[in-house]
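File shown here: upload12.txt, holding compact mmCIF, C-alpha atoms and all ligand atoms.
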```txt
# COMPACT_ATOMS: atom_id res chain seq x y z
CA MET P 1 -6.64 -1.07 -13.55
CA PHE P 2 -3.52 -1.42 -11.39
CA THR P 3 -1.11 -4.34 -11.64
CA PRO P 4 -0.03 -5.85 -8.33
CA VAL P 5 3.73 -6.33 -8.16
CA ILE P 6 3.56 -7.87 -4.71
CA GLU P 7 0.67 -9.79 -3.21
CA ALA P 8 0.78 -11.34 0.26
CA ALA P 9 -2.18 -13.05 1.89
CA GLY P 10 -2.44 -14.37 5.43
CA LEU P 11 1.34 -14.01 5.83
CA ARG P 12 2.78 -15.45 9.04
CA CYS P 13 6.46 -15.70 10.04
CA SER P 14 7.86 -17.34 13.14
CA TYR P 15 11.21 -17.58 14.89
CA GLY P 16 10.88 -20.88 16.73
CA SER P 17 7.75 -20.60 18.85
CA PHE P 18 7.63 -16.79 18.56
CA GLU P 19 5.34 -15.49 15.85
CA ALA P 20 6.78 -12.18 14.61
CA VAL P 21 4.28 -11.65 11.74
CA ARG P 22 0.73 -12.70 12.59
CA GLY P 23 -1.34 -12.93 9.44
CA ILE P 24 -1.00 -9.88 7.22
CA ASP P 25 -2.36 -9.06 3.76
CA LEU P 26 -0.42 -6.71 1.50
CA GLU P 27 -0.61 -5.48 -2.04
CA VAL P 28 1.99 -3.30 -3.74
CA ARG P 29 1.02 -1.83 -7.10
CA GLN P 30 3.08 -1.19 -10.20
CA GLY P 31 5.06 2.09 -10.01
CA GLU P 32 4.11 3.05 -6.48
CA LEU P 33 6.15 3.55 -3.33
CA PHE P 34 4.67 1.52 -0.50
CA ALA P 35 5.88 2.42 2.99
CA LEU P 36 5.90 -0.21 5.72
CA LEU P 37 5.93 1.60 9.05
CA GLY P 38 5.65 0.44 12.61
CA THR P 39 6.86 0.33 16.16
CA ASN P 40 10.16 -1.33 17.10
CA GLY P 41 9.89 -5.08 16.74
CA ALA P 42 6.56 -4.81 14.86
CA GLY P 43 7.76 -7.25 12.20
CA LYS P 44 8.68 -4.90 9.33
CA THR P 45 12.11 -6.37 8.60
CA THR P 46 10.78 -9.92 8.91
CA THR P 47 8.01 -9.06 6.45
CA LEU P 48 10.45 -7.39 4.08
CA GLU P 49 12.85 -10.36 4.21
CA THR P 50 9.97 -12.68 3.38
CA LEU P 51 8.91 -10.55 0.41
CA GLU P 52 12.56 -10.47 -0.69
CA GLY P 53 12.61 -14.27 -0.62
CA MET P 54 15.27 -14.45 2.07
CA ARG P 55 12.99 -16.49 4.33
CA ALA P 56 9.99 -18.71 3.70
CA PRO P 57 6.74 -17.75 5.48
CA SER P 58 5.44 -20.14 8.12
CA ALA P 59 1.93 -19.70 6.63
CA GLY P 60 0.21 -17.73 3.91
CA THR P 61 1.14 -16.94 0.34
CA VAL P 62 3.48 -14.41 -1.27
CA ARG P 63 3.80 -13.54 -4.95
CA VAL P 64 6.41 -11.09 -6.23
CA LEU P 65 6.28 -10.23 -9.95
CA GLY P 66 4.03 -13.27 -10.23
CA MET P 67 6.54 -15.65 -8.62
CA ASP P 68 7.18 -17.26 -5.26
CA PRO P 69 10.11 -15.12 -4.02
CA HIS P 70 11.61 -17.91 -1.91
CA GLU P 71 11.24 -20.81 -4.34
CA GLU P 72 12.05 -18.76 -7.44
CA ARG P 73 14.80 -16.54 -6.05
CA THR P 74 17.16 -17.06 -8.97
CA ARG P 75 14.51 -16.15 -11.52
CA LEU P 76 13.76 -12.92 -9.65
CA ARG P 77 17.42 -11.93 -9.26
CA GLY P 78 18.22 -9.05 -11.60
CA ARG P 79 14.61 -7.83 -11.55
CA VAL P 80 14.71 -6.96 -7.86
CA GLY P 81 17.09 -4.65 -5.96
CA ILE P 82 17.55 -4.99 -2.20
CA MET P 83 18.95 -2.49 0.27
CA LEU P 84 19.35 -4.23 3.59
CA GLN P 85 19.40 -2.51 6.97
CA GLU P 86 23.04 -3.53 7.38
CA SER P 87 25.21 -4.69 4.54
CA GLY P 88 28.43 -6.63 4.80
CA PHE P 89 30.82 -4.86 2.47
CA ALA P 90 34.45 -5.90 2.19
CA GLY P 91 36.11 -3.02 4.04
CA ASP P 92 39.36 -3.13 2.08
CA LEU P 93 37.71 -2.54 -1.28
CA THR P 94 37.20 0.99 -2.53
CA ILE P 95 33.78 2.30 -3.62
CA ALA P 96 34.74 1.86 -7.28
CA GLU P 97 35.96 -1.73 -6.69
CA THR P 98 32.80 -2.62 -4.74
CA VAL P 99 30.62 -1.25 -7.52
CA ARG P 100 32.61 -3.23 -10.13
CA LEU P 101 32.27 -6.42 -8.07
CA TRP P 102 28.52 -5.87 -7.79
CA GLN P 103 28.22 -5.32 -11.53
CA ASP P 104 30.15 -8.52 -12.18
CA LEU P 105 27.77 -10.43 -9.88
CA GLY P 106 24.67 -8.97 -11.52
CA SER P 107 23.35 -10.09 -14.84
CA ARG P 108 22.94 -6.62 -16.35
CA ARG P 109 25.30 -3.68 -16.61
CA SER P 110 24.16 -0.16 -15.82
CA ASP P 111 25.44 3.33 -15.53
CA ALA P 112 27.42 3.05 -12.29
CA GLU P 113 29.25 6.32 -12.89
CA TYR P 114 25.94 8.15 -13.15
CA ALA P 115 24.68 6.46 -9.96
CA MET P 116 27.86 7.49 -8.10
CA GLU P 117 27.32 11.09 -9.25
CA ARG P 118 23.67 11.03 -8.24
CA LEU P 119 24.49 9.85 -4.76
CA ASP P 120 27.41 12.23 -4.35
CA LEU P 121 29.97 9.43 -4.10
CA ALA P 122 31.93 9.95 -7.32
CA HIS P 123 34.57 12.12 -5.65
CA ARG P 124 35.07 9.36 -3.03
CA ARG P 125 35.32 6.51 -5.54
CA ASP P 126 38.87 5.50 -4.53
CA VAL P 127 38.26 5.58 -0.76
CA ARG P 128 38.19 2.20 1.00
CA VAL P 129 34.75 1.19 2.29
CA LYS P 130 36.05 0.84 5.86
CA GLN P 131 37.10 4.51 5.76
CA LEU P 132 33.65 5.78 4.73
CA SER P 133 31.35 7.57 7.14
CA GLY P 134 28.09 5.85 8.15
CA GLY P 135 26.11 8.12 5.82
CA GLU P 136 28.43 7.40 2.88
CA ARG P 137 28.05 3.65 3.45
CA ARG P 138 24.30 4.05 3.48
CA ARG P 139 24.45 5.89 0.16
CA LEU P 140 26.67 3.12 -1.22
CA ASP P 141 24.00 0.61 -0.08
CA LEU P 142 21.38 2.52 -2.05
CA LEU P 143 23.67 2.75 -5.07
CA LEU P 144 24.27 -1.01 -5.13
CA ALA P 145 20.56 -1.76 -4.73
CA MET P 146 19.70 0.34 -7.78
CA LEU P 147 22.47 -1.07 -9.99
CA GLY P 148 21.14 -3.15 -12.85
CA LYS P 149 17.96 -1.04 -13.06
CA PRO P 150 15.66 -3.33 -11.07
CA GLU P 151 11.89 -3.17 -11.60
CA LEU P 152 11.30 -3.52 -7.89
CA LEU P 153 13.38 -2.07 -5.05
CA PHE P 154 13.25 -2.99 -1.37
CA LEU P 155 14.66 -0.25 0.84
CA ASP P 156 15.05 -1.12 4.53
CA GLU P 157 15.49 2.16 6.44
CA PRO P 158 17.38 3.76 3.55
CA THR P 159 18.10 7.10 5.20
CA THR P 160 18.95 6.03 8.75
CA GLY P 161 22.20 7.75 9.73
CA LEU P 162 22.12 10.27 6.88
CA ASP P 163 22.53 13.98 7.63
CA PRO P 164 19.63 16.23 6.52
CA GLU P 165 21.31 17.17 3.23
CA SER P 166 22.14 13.58 2.31
CA ARG P 167 18.55 12.61 3.14
CA VAL P 168 17.29 15.17 0.65
CA THR P 169 19.73 13.74 -1.95
CA ALA P 170 18.51 10.19 -1.26
CA TRP P 171 14.86 11.31 -1.48
CA GLN P 172 15.53 12.93 -4.85
CA VAL P 173 17.17 9.73 -6.14
CA ILE P 174 14.14 7.75 -4.90
CA ARG P 175 11.76 10.22 -6.62
CA ASP P 176 13.78 9.95 -9.85
CA LEU P 177 13.54 6.14 -9.68
CA LEU P 178 9.77 6.42 -9.17
CA ALA P 179 9.55 8.71 -12.19
CA GLU P 180 11.37 6.00 -14.16
CA GLY P 181 8.64 3.54 -13.13
CA VAL P 182 10.47 1.55 -10.45
CA THR P 183 8.14 0.07 -7.80
CA MET P 184 9.42 0.40 -4.22
CA VAL P 185 8.78 -0.95 -0.77
CA LEU P 186 10.39 1.12 1.95
CA THR P 187 10.58 0.80 5.71
CA THR P 188 11.40 3.82 7.81
CA HIS P 189 11.08 5.26 11.28
CA TYR P 190 11.04 8.77 9.79
CA LEU P 191 7.36 9.54 9.34
CA ASP P 192 8.13 12.69 7.37
CA GLU P 193 9.98 10.46 4.90
CA ALA P 194 6.90 8.29 4.40
CA GLU P 195 4.66 11.38 4.23
CA SER P 196 6.91 12.88 1.57
CA LEU P 197 7.47 9.78 -0.58
CA ALA P 198 4.75 7.16 -0.09
CA HIS P 199 1.68 6.64 -2.24
CA ARG P 200 0.29 3.97 0.06
CA LEU P 201 1.38 2.63 3.42
CA ALA P 202 0.76 0.20 6.22
CA ILE P 203 1.53 0.69 9.91
CA MET P 204 2.47 -2.53 11.69
CA HIS P 205 2.22 -3.14 15.40
CA GLU P 206 3.07 -6.40 17.13
CA GLY P 207 3.03 -8.50 13.99
CA ARG P 208 -0.23 -7.13 12.56
CA ILE P 209 -1.25 -4.30 10.27
CA ALA P 210 -3.04 -1.68 12.34
CA VAL P 211 -3.66 0.90 9.62
CA ALA P 212 -3.33 0.66 5.83
CA GLY P 213 -4.33 2.61 2.76
CA SER P 214 -3.34 5.50 0.57
CA LEU P 215 -1.50 8.31 2.34
CA VAL P 216 -4.40 10.67 1.57
CA ASP P 217 -7.04 8.29 2.99
CA VAL P 218 -5.01 7.40 6.07
CA LEU P 219 -4.49 11.07 6.94
CA ALA P 220 -8.11 11.99 6.16
CA ALA P 221 -9.36 9.35 8.60
CA GLU P 222 -7.51 10.99 11.49
CA ARG P 223 -8.85 14.13 13.19
CA ALA P 224 -7.42 17.58 12.52
CA ARG P 225 -6.50 19.97 15.34
CA ILE P 226 -7.09 23.62 16.16
CA SER P 227 -5.49 25.28 19.16
CA PHE P 228 -5.06 28.78 20.59
CA ASP P 229 -4.88 30.57 23.95
CA LEU P 230 -8.31 31.52 25.26
CA PRO P 231 -8.14 35.32 25.61
CA ALA P 232 -8.70 36.48 29.22
CA GLU P 233 -11.62 38.72 28.20
CA THR P 234 -13.61 35.85 26.60
CA PRO P 235 -14.69 33.10 29.01
CA ALA P 236 -14.98 29.55 27.70
CA GLY P 237 -18.78 29.91 27.79
CA THR P 238 -18.68 32.34 24.86
CA LEU P 239 -17.04 29.78 22.54
CA PRO P 240 -19.23 28.62 19.66
CA GLU P 241 -20.60 25.10 19.18
CA PHE P 242 -17.89 23.08 17.45
CA ALA P 243 -18.27 19.97 15.35
CA GLY P 244 -15.19 18.57 17.10
CA ASP P 245 -14.30 17.97 20.73
CA LEU P 246 -12.64 20.38 23.12
CA ASP P 247 -10.07 19.08 25.59
CA PRO P 248 -11.62 20.05 28.99
CA ALA P 249 -8.33 19.84 30.93
CA GLN P 250 -6.64 22.23 28.49
CA LEU P 251 -9.66 24.54 28.55
CA ALA P 252 -9.42 24.76 32.34
CA GLU P 253 -5.82 25.93 31.83
CA GLY P 254 -6.94 28.64 29.40
CA ARG P 255 -6.01 26.86 26.17
CA VAL P 256 -8.41 25.79 23.44
CA GLU P 257 -7.41 22.38 22.04
CA LEU P 258 -9.96 21.09 19.58
CA SER P 259 -9.81 17.82 17.66
CA THR P 260 -12.18 17.70 14.72
CA SER P 261 -13.12 15.74 11.67
CA ASP P 262 -14.49 18.93 10.07
CA LEU P 263 -11.55 21.33 10.04
CA GLU P 264 -13.10 23.83 7.61
CA ARG P 265 -16.34 24.19 9.57
CA ASP P 266 -14.61 24.60 12.97
CA LEU P 267 -12.02 26.97 11.55
CA THR P 268 -14.80 29.18 10.18
CA ALA P 269 -16.51 29.10 13.60
CA VAL P 270 -13.26 30.23 15.31
CA VAL P 271 -12.69 33.06 12.84
CA GLN P 272 -16.28 34.33 13.21
CA TRP P 273 -16.05 34.09 17.00
CA ARG P 274 -12.75 36.01 17.03
CA SER P 275 -14.22 38.68 14.83
CA ALA P 276 -17.39 39.04 16.95
CA HIS P 277 -15.35 39.41 20.15
CA GLN P 278 -12.51 41.44 18.62
CA VAL P 279 -9.87 39.38 20.43
CA PRO P 280 -6.41 38.25 19.34
CA LEU P 281 -5.72 34.54 18.83
CA ARG P 282 -2.36 33.89 20.47
CA ARG P 283 -0.33 30.73 19.73
CA PHE P 284 -2.93 29.82 17.09
CA ARG P 285 -2.48 26.58 15.13
CA ALA P 286 -4.75 24.72 12.74
CA GLN P 287 -3.48 21.58 11.07
CA HIS P 288 -4.58 18.47 9.30
CA ALA P 289 -3.53 15.21 10.92
CA SER P 290 0.03 14.11 10.21
CA LEU P 291 1.37 10.58 10.02
CA ASP P 292 2.78 11.28 13.49
CA ASP P 293 -0.82 11.59 14.77
CA VAL P 294 -1.86 8.38 13.01
CA PHE P 295 1.15 6.51 14.37
CA HIS P 296 0.64 7.71 17.94
CA GLY P 297 -3.06 6.86 17.57
CA VAL P 298 -2.10 3.23 16.82
CA VAL P 299 0.16 2.99 19.87
CA ASP P 300 -2.28 4.84 22.18
CA ARG P 301 -5.23 2.67 21.10
CA ASP P 302 -3.18 -0.42 21.84
CA ARG P 303 -2.13 0.96 25.24
CA THR P 304 -5.78 1.69 26.11
CA ARG P 305 -6.80 -1.80 25.00
CA THR P 306 -3.97 -3.38 27.03
CA THR P 307 -4.81 -1.33 30.11
CA THR P 308 -8.51 -2.22 29.86
CA THR P 309 -7.62 -5.89 29.48
CA ASP P 310 -5.33 -5.60 32.51
CA VAL P 311 -8.09 -4.03 34.60
CA VAL P 312 -10.59 -6.70 33.50
CA GLY P 313 -7.95 -9.32 34.22
CA GLU P 314 -7.37 -7.96 37.71
CA ALA P 315 -11.10 -7.84 38.47
CA ARG P 316 -11.45 -11.54 37.78
N1 LIG P 401 16.47 -14.09 14.32
C1 LIG P 401 15.51 -13.87 15.21
N2 LIG P 401 15.26 -14.75 16.20
C2 LIG P 401 14.28 -14.54 17.09
N3 LIG P 401 13.47 -13.46 17.12
C3 LIG P 401 13.68 -12.54 16.17
C4 LIG P 401 14.72 -12.70 15.17
N4 LIG P 401 14.66 -11.60 14.36
C5 LIG P 401 13.68 -10.80 14.83
N5 LIG P 401 13.09 -11.37 15.91
C6 LIG P 401 11.96 -10.83 16.68
O1 LIG P 401 10.85 -10.69 15.81
C7 LIG P 401 10.14 -9.50 16.07
C8 LIG P 401 10.05 -8.67 14.79
O2 LIG P 401 11.37 -8.25 14.45
P1 LIG P 401 11.65 -7.33 13.17
O3 LIG P 401 13.12 -7.11 13.10
O4 LIG P 401 10.96 -7.92 12.00
O5 LIG P 401 10.89 -6.00 13.58
P2 LIG P 401 11.00 -4.53 12.99
O6 LIG P 401 9.62 -4.04 12.87
O7 LIG P 401 11.83 -4.52 11.76
O8 LIG P 401 11.76 -3.80 14.17
P3 LIG P 401 12.72 -2.49 14.18
O9 LIG P 401 11.87 -1.33 13.82
O10 LIG P 401 13.11 -2.44 15.61
O11 LIG P 401 13.86 -2.73 13.23
C9 LIG P 401 10.87 -8.79 17.21
O12 LIG P 401 10.21 -9.10 18.42
C10 LIG P 401 12.26 -9.41 17.18
O13 LIG P 401 12.83 -9.43 18.46
```
Once you've parsed the file, please lay out its structure as structure tokens.
Ligand SMILES: Nc1ncnc2c1ncn2[C@@H]1O[C@H](COP(=O)(O)OP(=O)(O)OP(=O)(O)O)[C@@H](O)[C@H]1O
Amino acid sequence: MFTPVIEAAGLRCSYGSFEAVRGIDLEVRQGELFALLGTNGAGKTTTLETLEGMRAPSAGTVRVLGMDPHEERTRLRGRVGIMLQESGFAGDLTIAETVRLWQDLGSRRSDAEYAMERLDLAHRRDVRVKQLSGGERRRLDLLLAMLGKPELLFLDEPTTGLDPESRVTAWQVIRDLLAEGVTMVLTTHYLDEAESLAHRLAIMHEGRIAVAGSLVDVLAAERARISFDLPAETPAGTLPEFAGDLDPAQLAEGRVELSTSDLERDLTAVVQWRSAHQVPLRRFRAQHASLDDVFHGVVDRDRTRTTTTDVVGEAR
């Protein structure tokens, strides 16, 4: 039986008359990494800030480690680490001085030297914060969030601005923390990051959760794709019956683009067809759905819904 570390029910958050989060339910389980994804302005940061206790919800309930994160902020401090999207470091302090200051503010000491090594900042320890590159600052943000060995870590776009190598370093640190049992909530615009790290996720759009579940279930619910150039010697009429759907516009252009919920069956049909006709399959691809597909599906469905509503609206 899992233990919920975070539970939110019917969560709503408003800025004046504008409702940024419109009634969401969330559950984050002990030891998992939960990714909160979404379009720009979807309400991810607002949700995260509410879970962190930085703002009170306008409606609904939130429990973090069994407490109200806004009312019981001081009791949660020390158990929770927060990496904000933008932090306000004192630019004149060096990395080492900033880390010391953070340790003094926190209630528990931890192995700061080790954390600096892990995040490849030890050799820069005496450099002033204002002289750091954007990526180094981001790594310092992550370092400070994990100081004090929190049970729960909030990471708001932790790898934005990092070069590919630093991203890999940050991912490894995050995986190590997961292995140590730290629970994490992460927001990101990098879908490969969520695909690589998340156990469960939610995709937000315009203040609501459009898709949620385990990474495996979310990907399995989306259709897989098979594509290849239709060889000139085999007209479209010779293609087998597929479980999935062919894109007729692409077929007219000589390209087979098939979306299917039964990848294995349709792949077997393609291979048998190729073998019967003795033709090459040029530019062949077969792939399970990616988070990219799921994400675009959310936006496209919304666009279709909006367009339909517009048309209905116009007809009235
Ligand atoms: N202080 C504020 N006052 C008024 N509106 C705000 C404020 N902060 C955010 N908003 C609005 O609330 C909505 C949600 O913002 P939020 O920053 O939570 O989204 P997000 O999903 O984190 O976006 P992004 O991916 O672009 O960072 C947006 O429409 C934003 O313009």
Self-check item: Polymer residues at most 9 Å from P:Arg73, all atoms listed in the file, same-chain spacing of 6 or more positions, as a PyMOL selection string
Solution: chain P and resi 52-54+67
Output as JSON lines one row per residue of chain P within 7 Å of ligand LIG 401 (chain P): the closest atom pair and its distance in Å to one decimal place, counting all atoms listed in the file, sorted by chain and residue number ascending.
```
{"residue": "P:Tyr15", "atom": "CA", "partner": "P:LIG401", "partner_atom": "C2", "distance": 4.8}
{"residue": "P:Phe18", "atom": "CA", "partner": "P:LIG401", "partner_atom": "N3", "distance": 6.9}
{"residue": "P:Ala20", "atom": "CA", "partner": "P:LIG401", "partner_atom": "O1", "distance": 4.5}
{"residue": "P:Gly38", "atom": "CA", "partner": "P:LIG401", "partner_atom": "O6", "distance": 6.0}
{"residue": "P:Thr39", "atom": "CA", "partner": "P:LIG401", "partner_atom": "O9", "distance": 5.8}
{"residue": "P:Asn40", "atom": "CA", "partner": "P:LIG401", "partner_atom": "O10", "distance": 3.5}
{"residue": "P:Gly41", "atom": "CA", "partner": "P:LIG401", "partner_atom": "O8", "distance": 3.4}
{"residue": "P:Ala42", "atom": "CA", "partner": "P:LIG401", "partner_atom": "O6", "distance": 3.7}
{"residue": "P:Gly43", "atom": "CA", "partner": "P:LIG401", "partner_atom": "O4", "distance": 3.3}
{"residue": "P:Lys44", "atom": "CA", "partner": "P:LIG401", "partner_atom": "O6", "distance": 3.8}
{"residue": "P:Thr45", "atom": "CA", "partner": "P:LIG401", "partner_atom": "O7", "distance": 3.7}
{"residue": "P:Thr46", "atom": "CA", "partner": "P:LIG401", "partner_atom": "O4", "distance": 3.7}
{"residue": "P:Thr47", "atom": "CA", "partner": "P:LIG401", "partner_atom": "O4", "distance": 6.4}
```
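Between P:Arg138 and the candidates P:Gln85, P:Gln172, P:Thr183, P:Thr188, the tightest atom-to-atom separation, counting only C-alpha atoms, involves P:Gln85.
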Self-check item: Shortest interatomic distance to P:Met116 - which of P:Asp163, P:Ala221, P:Thr169, P:Asp156, counting all atoms listed in the file
Solution: P:Thr169
Quiz item: With distances taken over all atoms listed in the file, which of P:Arg255, P:His296, P:Phe228, P:Glu71 is nearest to P:Val271?
Solution: P:Phe228
Quiz item: Is there a way to get, as a PyMOL selection string, all residues within 6 Å of the point (-7.5, 28.2, 13.2) in file coordinates, counting only C-alpha atoms?
Solution: chain P and resi 226+267+285-286
Exercise on stretch 31-38 of chain P, axis-aligned box with 4 Å per side, report centre and edge lengths in Å to one decimal, as lines of an AutoDock Vina configuration file:
```
center_x = 5.1
center_y = 1.7
center_z = 1.3
size_x = 10.0
size_y = 11.8
size_z = 30.6
```
Self-check item: d(atom CA of P:Ala252, atom CA of P:Ala236) in Å
Solution: 8.7 Å
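For the pair atom CA of P:Pro69 and atom CA of P:Ile95, the interatomic distance is 29.4 Å.
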Quiz item: Between atom CA of P:Cys13 and atom CA of P:Gln30, what is the spacing in Å?
Solution: 25.1 Å
Per residue of stretch 34-114 of chain P within 10 Å of stretch 194-199 of chain P, record the nearest atom pair and its distance in Å to one decimal, counting only C-alpha atoms, with rows in chain order and ascending residue number, as CSV.
```
residue,atom,partner,partner_atom,distance
P:Phe34,CA,P:Ala198,CA,5.7
P:Ala35,CA,P:Ala198,CA,5.8
P:Leu36,CA,P:Ala194,CA,8.7
P:Leu37,CA,P:Ala194,CA,8.2
```
Practice problem: Give the answer as one residue: which of P:Leu215, P:Val21, P:Ala115, P:Leu48 has the shortest atom-to-atom distance to P:Ile82, using all atoms listed in the file? | Solution: P:Leu48
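Shortest atom-to-atom contact with P:Ala8 among P:Leu33, P:Val62, P:Ile209, P:Val99: P:Val62, counting all atoms listed in the file.
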Practice problem: Pick out the closest residue to P:Arg118 from this set: P:Glu257, P:Asp176, P:Glu49, P:Glu151. Count all atoms listed in the file. | Solution: P:Asp176
Self-check item: Expected residue set, 12 Å radius at (-8.0, 24.5, 27.2), only C-alpha atoms, as a list of chain:residue names
Solution: P:Ile226, P:Ser227, P:Phe228, P:Asp229, P:Leu230, P:Pro231, P:Pro235, P:Ala236, P:Leu239, P:Asp245, P:Leu246, P:Asp247, P:Pro248, P:Ala249, P:Gln250, P:Leu251, P:Ala252, P:Glu253, P:Gly254, P:Arg255, P:Val256, P:Glu257, P:Leu258, P:Ser259
Which residues are near P:Leu155? Cut-off 8 Å, only C-alpha atoms, ignore same chain within fewer than 5 positions. Put them as a PDB file with C-alpha atoms, keeping the file's coordinate frame.
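Full text of selection-v1.pdb as output:
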```
ATOM      1  CA  ILE P  82      17.550  -4.990  -2.200  1.00  0.00           C
ATOM      2  CA  MET P  83      18.950  -2.490   0.270  1.00  0.00           C
ATOM      3  CA  LEU P  84      19.350  -4.230   3.590  1.00  0.00           C
ATOM      4  CA  LEU P 142      21.380   2.520  -2.050  1.00  0.00           C
ATOM      5  CA  MET P 184       9.420   0.400  -4.220  1.00  0.00           C
ATOM      6  CA  VAL P 185       8.780  -0.950  -0.770  1.00  0.00           C
ATOM      7  CA  LEU P 186      10.390   1.120   1.950  1.00  0.00           C
ATOM      8  CA  THR P 187      10.580   0.800   5.710  1.00  0.00           C
TER       9      THR P 187
END
```
